[in-house]
Amino acid sequence: MDVASVAQSLFKMVQDNPELLQKLTEHPYSTTADACGIQGRISQQDMSQVVTLLASLLGGGTAMSASNATAPTMDGTDALVSMASQLLGSNGNSVHTLAKALLGGMASGAGQGGAGIDLSDGIGLDDVIGIASKLL
């Protein structure tokens with residue numbers, strides 16, 4: 001599963017249909033699968049990454065330039081995996097709890113934010129640093 005594409009798709013859908021955010025908060029797996037046409041099981045790791053990226057996009061996270069990165073050798077995808085894993089662990093290893101923690105208060109502002117992060121080129125270290133600055 002391409003986590004960045006799924007998060008970007010959900011972001012666009014939430015902008016057009018803010019009620020979707022409430023559904024994502026309550027039922028992250030099934031809502032994501034239905035909205036994005038995903039067949040089969042979504043792993044806990046993938047879902048935690050999607051929720052983390054989506055929360056940053058909805059929060060208007062701003063990406064820093066790669067030249068400002070403190071760990072230029074760290075792959076952005078690995079950093080996202082690590083950050084999502086840490087956030088998941090701090091939320092009882094439950095994607096549902098993580099979704100409520102990160103997305104629960106955003107329902108009223110679902111149409112805002114996202115201008116600072118561009119995932120069209122994949123997940124870069126600058127994107128992960130921008131996400132981390134908003135969430136940690």
# chains A, B, ... in the order shown; residues from 1 in each chain; ligands from 1
call {"tool": "residues_around", "arguments": {"residues": "range 32-37 of chain A", "least_positions_apart": "6", "cutoff": "9 Å", "atoms": "only C-alpha atoms", "output": "VMD selection string"}}
result
chain A and resid 6 9 to 10 13 20 24 47
call {"tool": "atom_distance", "arguments": {"atom1": "CA of Leu58 in chain A", "atom2": "CA of Pro18 in chain A"}}
result
10.9 Å
call {"tool": "residues_around", "arguments": {"residues": "Gly89 in chain A", "least_positions_apart": "4", "cutoff": "12 Å", "atoms": "only C-alpha atoms", "output": "PyMOL selection string"}}
result
chain A and resi 44-45+48+82-85+93-95+97-98
call {"tool": "write_last_selection", "arguments": {"atoms": "N, CA and C atoms", "output": "PDB file, in the first residue's frame"}}
result
ATOM      1  N   GLN A  44      -1.745  -2.629  10.608  1.00  0.00           N
ATOM      2  CA  GLN A  44      -1.732  -1.622  11.667  1.00  0.00           C
ATOM      3  C   GLN A  44      -0.639  -0.586  11.393  1.00  0.00           C
ATOM      4  N   GLN A  45       0.508  -1.032  10.927  1.00  0.00           N
ATOM      5  CA  GLN A  45       1.617  -0.124  10.626  1.00  0.00           C
ATOM      6  C   GLN A  45       1.226   0.853   9.523  1.00  0.00           C
ATOM      7  N   SER A  48      -1.428   3.337  10.790  1.00  0.00           N
ATOM      8  CA  SER A  48      -0.884   4.357  11.698  1.00  0.00           C
ATOM      9  C   SER A  48      -0.123   5.425  10.919  1.00  0.00           C
ATOM     10  N   SER A  82       9.051   5.154  11.967  1.00  0.00           N
ATOM     11  CA  SER A  82       9.460   5.294  13.358  1.00  0.00           C
ATOM     12  C   SER A  82       8.525   6.224  14.130  1.00  0.00           C
ATOM     13  N   MET A  83       8.204   7.374  13.524  1.00  0.00           N
ATOM     14  CA  MET A  83       7.332   8.334  14.192  1.00  0.00           C
ATOM     15  C   MET A  83       5.936   7.754  14.398  1.00  0.00           C
ATOM     16  N   ALA A  84       5.382   7.138  13.366  1.00  0.00           N
ATOM     17  CA  ALA A  84       4.044   6.554  13.487  1.00  0.00           C
ATOM     18  C   ALA A  84       4.040   5.446  14.533  1.00  0.00           C
ATOM     19  N   SER A  85       5.115   4.670  14.573  1.00  0.00           N
ATOM     20  CA  SER A  85       5.221   3.599  15.559  1.00  0.00           C
ATOM     21  C   SER A  85       5.260   4.160  16.975  1.00  0.00           C
ATOM     22  N   ASN A  93      -1.119   1.209  21.388  1.00  0.00           N
ATOM     23  CA  ASN A  93      -1.023   0.341  20.209  1.00  0.00           C
ATOM     24  C   ASN A  93      -2.368   0.147  19.521  1.00  0.00           C
ATOM     25  N   SER A  94      -3.185   1.176  19.569  1.00  0.00           N
ATOM     26  CA  SER A  94      -4.501   1.146  18.939  1.00  0.00           C
ATOM     27  C   SER A  94      -4.598   2.256  17.897  1.00  0.00           C
ATOM     28  N   VAL A  95      -4.820   1.873  16.650  1.00  0.00           N
ATOM     29  CA  VAL A  95      -4.998   2.863  15.599  1.00  0.00           C
ATOM     30  C   VAL A  95      -6.250   3.685  15.868  1.00  0.00           C
ATOM     31  N   THR A  97      -7.428   4.612  18.791  1.00  0.00           N
ATOM     32  CA  THR A  97      -7.070   5.620  19.785  1.00  0.00           C
ATOM     33  C   THR A  97      -6.180   6.687  19.159  1.00  0.00           C
ATOM     34  N   LEU A  98      -5.250   6.271  18.316  1.00  0.00           N
ATOM     35  CA  LEU A  98      -4.378   7.220  17.617  1.00  0.00           C
ATOM     36  C   LEU A  98      -5.201   8.152  16.728  1.00  0.00           C
TER      37      LEU A  98
END
call {"tool": "closest_residue", "arguments": {"among": "A:Ile38, A:Leu87, A:Leu80, A:Val51", "to": "Leu103 in chain A", "atoms": "only C-alpha atoms"}}
result
A:Val51
call {"tool": "closest_residue", "arguments": {"among": "A:Met106, A:Ile42, A:Val50, A:Ala7", "to": "Leu88 in chain A", "atoms": "only C-alpha atoms"}}
result
A:Val50
call {"tool": "closest_residue", "arguments": {"among": "A:Gly92, A:Val3, A:Gly105, A:Phe11", "to": "Leu54 in chain A", "atoms": "only C-alpha atoms"}}
result
A:Phe11
call {"tool": "select_by_dssp", "arguments": {"residues": "range 27-57 of chain A", "states": "alpha helix (DSSP H)", "output": "list of chain:residue names"}}
result
A:Pro28, A:Tyr29, A:Ser30, A:Thr31, A:Thr32, A:Ala33, A:Asp34, A:Ala35, A:Cys36, A:Gln44, A:Gln45, A:Asp46, A:Met47, A:Ser48, A:Gln49, A:Val50, A:Val51, A:Thr52, A:Leu53, A:Leu54, A:Ala55, A:Ser56, A:Leu57
call {"tool": "atom_distance", "arguments": {"atom1": "CA of Gln86 in chain A", "atom2": "CA of Arg41 in chain A"}}
result
21.9 Å
